[in-house]
Amino acid sequence: MMYCLKYLRYLIQSKHRRGFGIHSPFVFHLVTDVIEEKLPYYKYSLIEKVRSLLLKTSKTVKVEDFGTGKSGVRKISDIVKCSSKSRDYAQVLFRLVNFYKAQDILELGTSFGLTTMYLAAPNSKSNVVTIEGSLEIAKYAKLSFDHAGFKNIKLCEGNIDHCLPSVLKTFKKLDFVFFDANHKRDALMNYFNACFEKSHDKTVFVIDDIYWSNDMENAWKEIKKDPRVRVTIDMFSFGIVLFDSELQKENYILRFFPNLRIHLLDALNINY
Ligand SMILES: C[S@@+](CC[C@H](N)C(=O)[O-])C[C@H]1O[C@@H](n2cnc3c(N)ncnc32)[C@H](O)[C@@H]1O
């Protein structure tokens, strides 16, 4: 199915706007007071200034292919537009990390590090590890972290398929994982299962681009059915996964932002 048609289907199926129809008091609170919260945090503007700089530059980078077919030399601004999570979704991740007081955080797929900074911003003492395989992109991500003064981010350069086991050994537990790298079912499920080993009841997983391909959609369907998973919240752009055994098993489809601009960008698979 075409991506924009998938988006239309999501709009029709999503009924839980502003907590409507959510019976679980916890999930209602999570949706209305965390996911949909609109207060500006002062760190947002710092990170958005880095995004603006990256969007303005005419520089190019060599991109390595990890299964997307998009290798070669590309403009930094084009990659930021297409690959980095947009402001509104990255800020949801910030609020989730903040709400859960996540301390040990892992991101698979750094790109230029914009979302990494949102994950690291709630607590300067948290431990954020992010993995990126394209070395030139990783170099710019490091510059961004230094430029914005983030000292709690460790960037691992390399193919996740090879370095994930050793990275996971450095964690006693994982509180929050953002899966945004290899968009293939098998790779995603391998990463999911490996990270699950370090998870606990209050761990949050966020899976990006759950409708990017049929393969990803199938992986998302599997995750929803997984008996280890209690609650999923489908926001189209990504899916949130909770393992909290106090919650009843339920899959929600949340209509996020009744904003025409966001709807159009989502439907066209553009992020900025
Ligand atoms: C969608 S981008 C990440 C965007 C970033 N999370 C953000 O929101 O700003 C995916 C990144 O994952 C990297 N990647 C994909 N597969 C990988 C792999 N197997 N190992 C290492 N990096 C990988 C790509 O090079 C790309 O930079």
# chains A, B, ... in the order shown; residues from 1 in each chain; ligands from 1
$ residues_near_ligand --ligand "ligand 1" --cutoff "8 Å" --atoms "only C-alpha atoms and all ligand atoms" --output "ChimeraX atom specification"
/A:63-68,80,82-86,90,107-116,131-134,137-138,157-161,178-183
$ write_last_selection --atoms "C-alpha atoms" --output "PDB file, in the first residue's frame"
ATOM      1  CA  VAL A  63      26.744   8.113   3.200  1.00  0.00           C
ATOM      2  CA  GLU A  64      27.240   4.389   3.677  1.00  0.00           C
ATOM      3  CA  ASP A  65      24.401   2.075   2.710  1.00  0.00           C
ATOM      4  CA  PHE A  66      22.891  -0.055   5.462  1.00  0.00           C
ATOM      5  CA  GLY A  67      20.149  -1.579   3.374  1.00  0.00           C
ATOM      6  CA  THR A  68      18.197   1.511   2.310  1.00  0.00           C
ATOM      7  CA  VAL A  80      18.254  16.157   7.936  1.00  0.00           C
ATOM      8  CA  CYS A  82      14.343  13.157   5.358  1.00  0.00           C
ATOM      9  CA  SER A  83      15.956  11.196   8.186  1.00  0.00           C
ATOM     10  CA  SER A  84      15.951  13.171  11.426  1.00  0.00           C
ATOM     11  CA  LYS A  85      12.846  12.996  13.549  1.00  0.00           C
ATOM     12  CA  SER A  86      10.900  16.227  13.216  1.00  0.00           C
ATOM     13  CA  ALA A  90      11.514  14.377  18.924  1.00  0.00           C
ATOM     14  CA  GLU A 107      19.541   5.043  20.349  1.00  0.00           C
ATOM     15  CA  LEU A 108      20.120   2.876  17.290  1.00  0.00           C
ATOM     16  CA  GLY A 109      20.766   5.200  14.341  1.00  0.00           C
ATOM     17  CA  THR A 110      22.201   8.613  15.297  1.00  0.00           C
ATOM     18  CA  SER A 111      22.319  10.423  11.973  1.00  0.00           C
ATOM     19  CA  PHE A 112      23.251  14.034  12.866  1.00  0.00           C
ATOM     20  CA  GLY A 113      22.267  13.524  16.496  1.00  0.00           C
ATOM     21  CA  LEU A 114      19.252  15.835  16.729  1.00  0.00           C
ATOM     22  CA  THR A 115      17.032  13.226  18.397  1.00  0.00           C
ATOM     23  CA  THR A 116      19.997  12.034  20.484  1.00  0.00           C
ATOM     24  CA  ILE A 131      25.232   4.073  17.405  1.00  0.00           C
ATOM     25  CA  GLU A 132      25.914   5.312  13.873  1.00  0.00           C
ATOM     26  CA  GLY A 133      27.515   3.405  11.008  1.00  0.00           C
ATOM     27  CA  SER A 134      28.136   6.221   8.527  1.00  0.00           C
ATOM     28  CA  ILE A 137      27.701  11.596   9.523  1.00  0.00           C
ATOM     29  CA  ALA A 138      28.944  10.478  12.954  1.00  0.00           C
ATOM     30  CA  GLU A 157      30.732   4.296  15.393  1.00  0.00           C
ATOM     31  CA  GLY A 158      30.082   1.034  13.586  1.00  0.00           C
ATOM     32  CA  ASN A 159      27.536  -1.355  12.197  1.00  0.00           C
ATOM     33  CA  ILE A 160      24.877  -2.064  14.838  1.00  0.00           C
ATOM     34  CA  ASP A 161      24.725  -5.698  13.696  1.00  0.00           C
ATOM     35  CA  PHE A 178      14.898   4.387  20.344  1.00  0.00           C
ATOM     36  CA  PHE A 179      15.106   2.028  17.338  1.00  0.00           C
ATOM     37  CA  ASP A 180      15.800   4.177  14.273  1.00  0.00           C
ATOM     38  CA  ALA A 181      18.402   2.387  12.158  1.00  0.00           C
ATOM     39  CA  ASN A 182      17.929  -0.673   9.995  1.00  0.00           C
ATOM     40  CA  HIS A 183      14.307  -0.622   8.784  1.00  0.00           C
TER      41      HIS A 183
END
$ select_by_dssp --residues "range 39-221 of chain A" --states "strand (DSSP E)" --output "ChimeraX atom specification"
/A:60-63,72-75,104-108,127-132,153-157,176-179,204-208
$ closest_residue --among "A:Val92, A:Met1, A:Leu106, A:Leu265" --to "Asp215 in chain A" --atoms "only C-alpha atoms"
A:Met1
$ atom_distance --atom1 "CA of Leu119 in chain A" --atom2 "CA of Ile22 in chain A"
26.6 Å
$ residues_around --residues "Val241 in chain A" --least-positions-apart "2" --cutoff "10 Å" --atoms "only C-alpha atoms" --output "PyMOL selection string"
chain A and resi 177+203-207+223-224+229-234+238-239+243-244+251
$ write_last_selection --atoms "N, CA and C atoms" --output "tab-separated table (two decimals), in the first residue's frame"
chain	number	residue	atom	x	y	z
A	177	VAL	N	14.83	2.89	24.86
A	177	VAL	CA	15.56	2.57	23.62
A	177	VAL	C	14.78	3.14	22.43
A	203	THR	N	10.70	-0.04	31.40
A	203	THR	CA	11.45	0.33	30.18
A	203	THR	C	10.48	0.74	29.08
A	204	VAL	N	10.90	1.73	28.30
A	204	VAL	CA	10.11	2.16	27.14
A	204	VAL	C	10.94	1.93	25.88
A	205	PHE	N	10.34	1.27	24.89
A	205	PHE	CA	10.95	1.14	23.57
A	205	PHE	C	10.14	2.02	22.62
A	206	VAL	N	10.82	2.73	21.73
A	206	VAL	CA	10.12	3.46	20.67
A	206	VAL	C	10.67	2.97	19.34
A	207	ILE	N	9.77	2.51	18.49
A	207	ILE	CA	10.17	1.95	17.19
A	207	ILE	C	9.80	2.97	16.12
A	223	ILE	N	5.16	-7.18	17.13
A	223	ILE	CA	5.47	-6.55	18.43
A	223	ILE	C	4.17	-6.34	19.22
A	224	LYS	N	3.12	-5.92	18.53
A	224	LYS	CA	1.83	-5.69	19.21
A	224	LYS	C	1.30	-6.98	19.84
A	229	VAL	N	4.91	-7.77	25.63
A	229	VAL	CA	4.51	-6.36	25.48
A	229	VAL	C	3.13	-6.15	26.10
A	230	ARG	N	2.98	-5.09	26.91
A	230	ARG	CA	1.66	-4.83	27.51
A	230	ARG	C	0.88	-3.79	26.71
A	231	VAL	N	1.48	-2.63	26.49
A	231	VAL	CA	0.75	-1.56	25.81
A	231	VAL	C	1.58	-1.05	24.63
A	232	THR	N	0.91	-0.84	23.49
A	232	THR	CA	1.56	-0.13	22.39
A	232	THR	C	0.73	1.11	22.06
A	233	ILE	N	1.43	2.16	21.69
A	233	ILE	CA	0.75	3.39	21.24
A	233	ILE	C	1.30	3.73	19.86
A	234	ASP	N	0.43	3.58	18.87
A	234	ASP	CA	0.79	3.82	17.47
A	234	ASP	C	0.56	5.29	17.16
A	238	PHE	N	5.98	6.85	14.72
A	238	PHE	CA	6.63	5.80	15.51
A	238	PHE	C	5.64	5.11	16.41
A	239	GLY	N	6.08	4.00	16.99
A	239	GLY	CA	5.22	3.25	17.92
A	239	GLY	C	5.91	3.16	19.27
A	243	PHE	N	6.23	-2.25	28.72
A	243	PHE	CA	6.27	-3.63	29.22
A	243	PHE	C	5.68	-3.75	30.63
A	244	ASP	N	5.16	-2.68	31.13
A	244	ASP	CA	4.71	-2.57	32.53
A	244	ASP	C	3.63	-3.63	32.84
A	251	ASN	N	-3.63	-2.24	22.51
A	251	ASN	CA	-2.92	-1.51	21.45
A	251	ASN	C	-3.75	-0.28	21.08
$ select_by_dssp --residues "range 6-227 of chain A" --states "helix (DSSP H, G or I)" --output "PyMOL selection string"
chain A and resi 6-13+17-19+25-35+42-56+76-83+87-100+114-120+135-147+160-169+185-196+214-225
$ write_last_selection --atoms "C-alpha atoms" --output "short mmCIF file (atom, residue, chain, number, x, y, z; two decimals), in the first residue's frame"
data_model
loop_
_atom_site.label_atom_id
_atom_site.label_comp_id
_atom_site.auth_asym_id
_atom_site.auth_seq_id
_atom_site.Cartn_x
_atom_site.Cartn_y
_atom_site.Cartn_z
CA LYS A 6 -1.34 4.09 4.95
CA TYR A 7 -1.46 7.54 6.53
CA LEU A 8 -5.08 8.00 5.48
CA ARG A 9 -5.93 4.60 7.00
CA TYR A 10 -4.18 5.66 10.23
CA LEU A 11 -6.23 8.88 10.35
CA ILE A 12 -9.43 6.87 9.97
CA GLN A 13 -8.43 4.25 12.56
CA ARG A 17 -7.13 12.08 20.48
CA ARG A 18 -6.74 13.93 23.79
CA GLY A 19 -7.25 10.68 25.68
CA PRO A 25 -5.92 5.92 33.88
CA PHE A 26 -2.16 5.55 33.46
CA VAL A 27 -2.24 5.56 29.65
CA PHE A 28 -4.75 8.45 29.72
CA HIS A 29 -2.31 10.45 31.85
CA LEU A 30 0.62 9.47 29.61
CA VAL A 31 -1.23 10.63 26.48
CA THR A 32 -2.79 13.85 27.78
CA ASP A 33 -0.06 15.10 30.14
CA VAL A 34 3.10 13.78 28.52
CA ILE A 35 2.71 12.93 24.82
CA TYR A 42 14.15 25.74 27.32
CA LYS A 43 16.40 22.98 25.89
CA TYR A 44 14.14 22.68 22.82
CA SER A 45 15.37 25.93 21.29
CA LEU A 46 19.04 25.00 21.81
CA ILE A 47 18.57 21.78 19.79
CA GLU A 48 16.42 23.47 17.13
CA LYS A 49 19.21 26.02 16.57
CA VAL A 50 21.51 23.09 15.65
CA ARG A 51 18.81 21.77 13.27
CA SER A 52 18.59 25.20 11.59
CA LEU A 53 22.37 25.28 11.10
CA LEU A 54 22.32 21.80 9.52
CA LEU A 55 19.39 22.73 7.27
CA LYS A 56 21.22 25.87 6.07
CA ILE A 76 23.51 17.31 4.78
CA SER A 77 20.37 19.44 4.61
CA ASP A 78 18.59 16.77 2.51
CA ILE A 79 19.45 14.03 5.02
CA VAL A 80 18.25 16.16 7.94
CA LYS A 81 14.96 16.83 6.12
CA CYS A 82 14.34 13.16 5.36
CA SER A 83 15.96 11.20 8.19
CA ARG A 87 10.73 18.69 16.12
CA ASP A 88 7.27 17.64 17.27
CA TYR A 89 8.02 13.92 17.47
CA ALA A 90 11.51 14.38 18.92
CA GLN A 91 9.94 16.50 21.65
CA VAL A 92 7.54 13.66 22.48
CA LEU A 93 10.63 11.48 23.05
CA PHE A 94 12.10 14.20 25.29
CA ARG A 95 8.91 14.26 27.38
CA LEU A 96 8.76 10.45 27.64
CA VAL A 97 12.38 10.29 28.82
CA ASN A 98 11.66 13.11 31.26
CA PHE A 99 8.44 11.53 32.58
CA TYR A 100 10.01 8.09 33.06
CA LEU A 114 19.25 15.83 16.73
CA THR A 115 17.03 13.23 18.40
CA THR A 116 20.00 12.03 20.48
CA MET A 117 20.17 15.51 22.00
CA TYR A 118 16.44 15.43 22.79
CA LEU A 119 17.00 12.09 24.55
CA ALA A 120 19.95 13.49 26.51
CA LEU A 135 31.43 7.66 9.73
CA GLU A 136 31.19 11.10 8.12
CA ILE A 137 27.70 11.60 9.52
CA ALA A 138 28.94 10.48 12.95
CA LYS A 139 31.69 13.13 12.77
CA TYR A 140 29.05 15.86 12.33
CA ALA A 141 26.92 14.40 15.12
CA LYS A 142 29.88 14.66 17.50
CA LEU A 143 30.40 18.29 16.45
CA SER A 144 26.73 18.99 17.19
CA PHE A 145 26.97 17.45 20.68
CA ASP A 146 30.06 19.53 21.45
CA HIS A 147 28.56 22.69 19.95
CA ILE A 160 24.88 -2.06 14.84
CA ASP A 161 24.72 -5.70 13.70
CA HIS A 162 28.30 -6.10 14.92
CA CYS A 163 28.62 -3.68 17.81
CA LEU A 164 25.24 -4.00 19.58
CA PRO A 165 26.29 -7.00 21.75
CA SER A 166 29.37 -5.19 23.08
CA VAL A 167 27.42 -1.94 23.58
CA LEU A 168 24.72 -3.82 25.52
CA LYS A 169 27.40 -5.28 27.80
CA ARG A 185 11.94 -6.77 10.05
CA ASP A 186 14.66 -9.31 10.86
CA ALA A 187 17.23 -6.72 11.94
CA LEU A 188 14.65 -4.84 14.01
CA MET A 189 13.43 -7.99 15.77
CA ASN A 190 17.04 -9.02 16.53
CA TYR A 191 17.76 -5.61 18.06
CA PHE A 192 14.41 -5.69 19.92
CA ASN A 193 15.14 -9.09 21.46
CA ALA A 194 18.74 -8.21 22.34
CA CYS A 195 17.66 -4.97 24.05
CA PHE A 196 14.77 -6.72 25.82
CA ASN A 214 5.39 -3.76 4.57
CA ASP A 215 8.30 -5.46 6.29
CA MET A 216 8.29 -2.84 9.07
CA GLU A 217 4.51 -3.00 9.31
CA ASN A 218 4.72 -6.77 9.81
CA ALA A 219 7.35 -6.31 12.51
CA TRP A 220 5.04 -3.80 14.25
CA LYS A 221 2.15 -6.29 14.06
CA GLU A 222 4.39 -8.93 15.68
CA ILE A 223 5.47 -6.55 18.43
CA LYS A 224 1.83 -5.69 19.21
CA LYS A 225 1.00 -9.39 19.62
#
$ residues_around --residues "Lys62 in chain A" --least-positions-apart "4" --cutoff "7 Å" --atoms "only C-alpha atoms" --output "ChimeraX atom specification"
/A:72-74,136
$ write_last_selection --atoms "N, CA and C atoms" --output "mmCIF file, in the first residue's frame"
data_model
loop_
_atom_site.group_PDB
_atom_site.id
_atom_site.type_symbol
_atom_site.label_atom_id
_atom_site.label_comp_id
_atom_site.auth_asym_id
_atom_site.auth_seq_id
_atom_site.Cartn_x
_atom_site.Cartn_y
_atom_site.Cartn_z
ATOM 1 N N GLY A 72 26.251 6.933 -1.213
ATOM 2 C CA GLY A 72 26.808 7.952 -2.092
ATOM 3 C C GLY A 72 26.945 9.273 -1.370
ATOM 4 N N VAL A 73 27.167 10.323 -2.158
ATOM 5 C CA VAL A 73 27.359 11.647 -1.556
ATOM 6 C C VAL A 73 26.013 12.374 -1.542
ATOM 7 N N ARG A 74 25.651 12.892 -0.364
ATOM 8 C CA ARG A 74 24.343 13.568 -0.255
ATOM 9 C C ARG A 74 24.500 14.875 0.511
ATOM 10 N N GLU A 136 31.191 9.645 8.327
ATOM 11 C CA GLU A 136 31.192 11.104 8.116
ATOM 12 C C GLU A 136 30.014 11.757 8.828
#
$ closest_residue --among "A:Leu242, A:Ala121, A:Leu155, A:Met235" --to "Glu36 in chain A" --atoms "only C-alpha atoms"
A:Met235
$ atom_distance --atom1 "CA of Ser213 in chain A" --atom2 "CA of Val61 in chain A"
25.7 Å
$ decode --residues "range 142-184 of chain A" --atoms "C-alpha atoms" --output "compact mmCIF listing (two decimals), in the first residue's frame"
# COMPACT_ATOMS: atom_id res chain seq x y z
CA LYS A 142 29.88 14.66 17.50
CA LEU A 143 30.40 18.29 16.45
CA SER A 144 26.73 18.99 17.19
CA PHE A 145 26.97 17.45 20.68
CA ASP A 146 30.06 19.53 21.45
CA HIS A 147 28.56 22.69 19.95
CA ALA A 148 25.43 22.31 22.10
CA GLY A 149 27.43 21.33 25.20
CA PHE A 150 26.12 17.76 25.69
CA LYS A 151 28.52 15.75 27.84
CA ASN A 152 26.27 12.77 28.60
CA ILE A 153 26.23 11.31 25.06
CA LYS A 154 28.58 8.57 23.92
CA LEU A 155 28.61 7.94 20.18
CA CYS A 156 29.67 4.46 19.01
CA GLU A 157 30.73 4.30 15.39
CA GLY A 158 30.08 1.03 13.59
CA ASN A 159 27.54 -1.35 12.20
CA ILE A 160 24.88 -2.06 14.84
CA ASP A 161 24.72 -5.70 13.70
CA HIS A 162 28.30 -6.10 14.92
CA CYS A 163 28.62 -3.68 17.81
CA LEU A 164 25.24 -4.00 19.58
CA PRO A 165 26.29 -7.00 21.75
CA SER A 166 29.37 -5.19 23.08
CA VAL A 167 27.42 -1.94 23.58
CA LEU A 168 24.72 -3.82 25.52
CA LYS A 169 27.40 -5.28 27.80
CA THR A 170 28.16 -1.72 29.00
CA PHE A 171 24.58 -1.35 30.31
CA LYS A 172 23.32 -2.94 33.53
CA LYS A 173 19.78 -2.03 32.43
CA LEU A 174 18.03 -0.09 29.70
CA ASP A 175 15.34 2.47 30.60
CA PHE A 176 14.66 3.79 27.11
CA VAL A 177 15.56 2.57 23.62
CA PHE A 178 14.90 4.39 20.34
CA PHE A 179 15.11 2.03 17.34
CA ASP A 180 15.80 4.18 14.27
CA ALA A 181 18.40 2.39 12.16
CA ASN A 182 17.93 -0.67 9.99
CA HIS A 183 14.31 -0.62 8.78
CA LYS A 184 14.11 -4.37 8.05
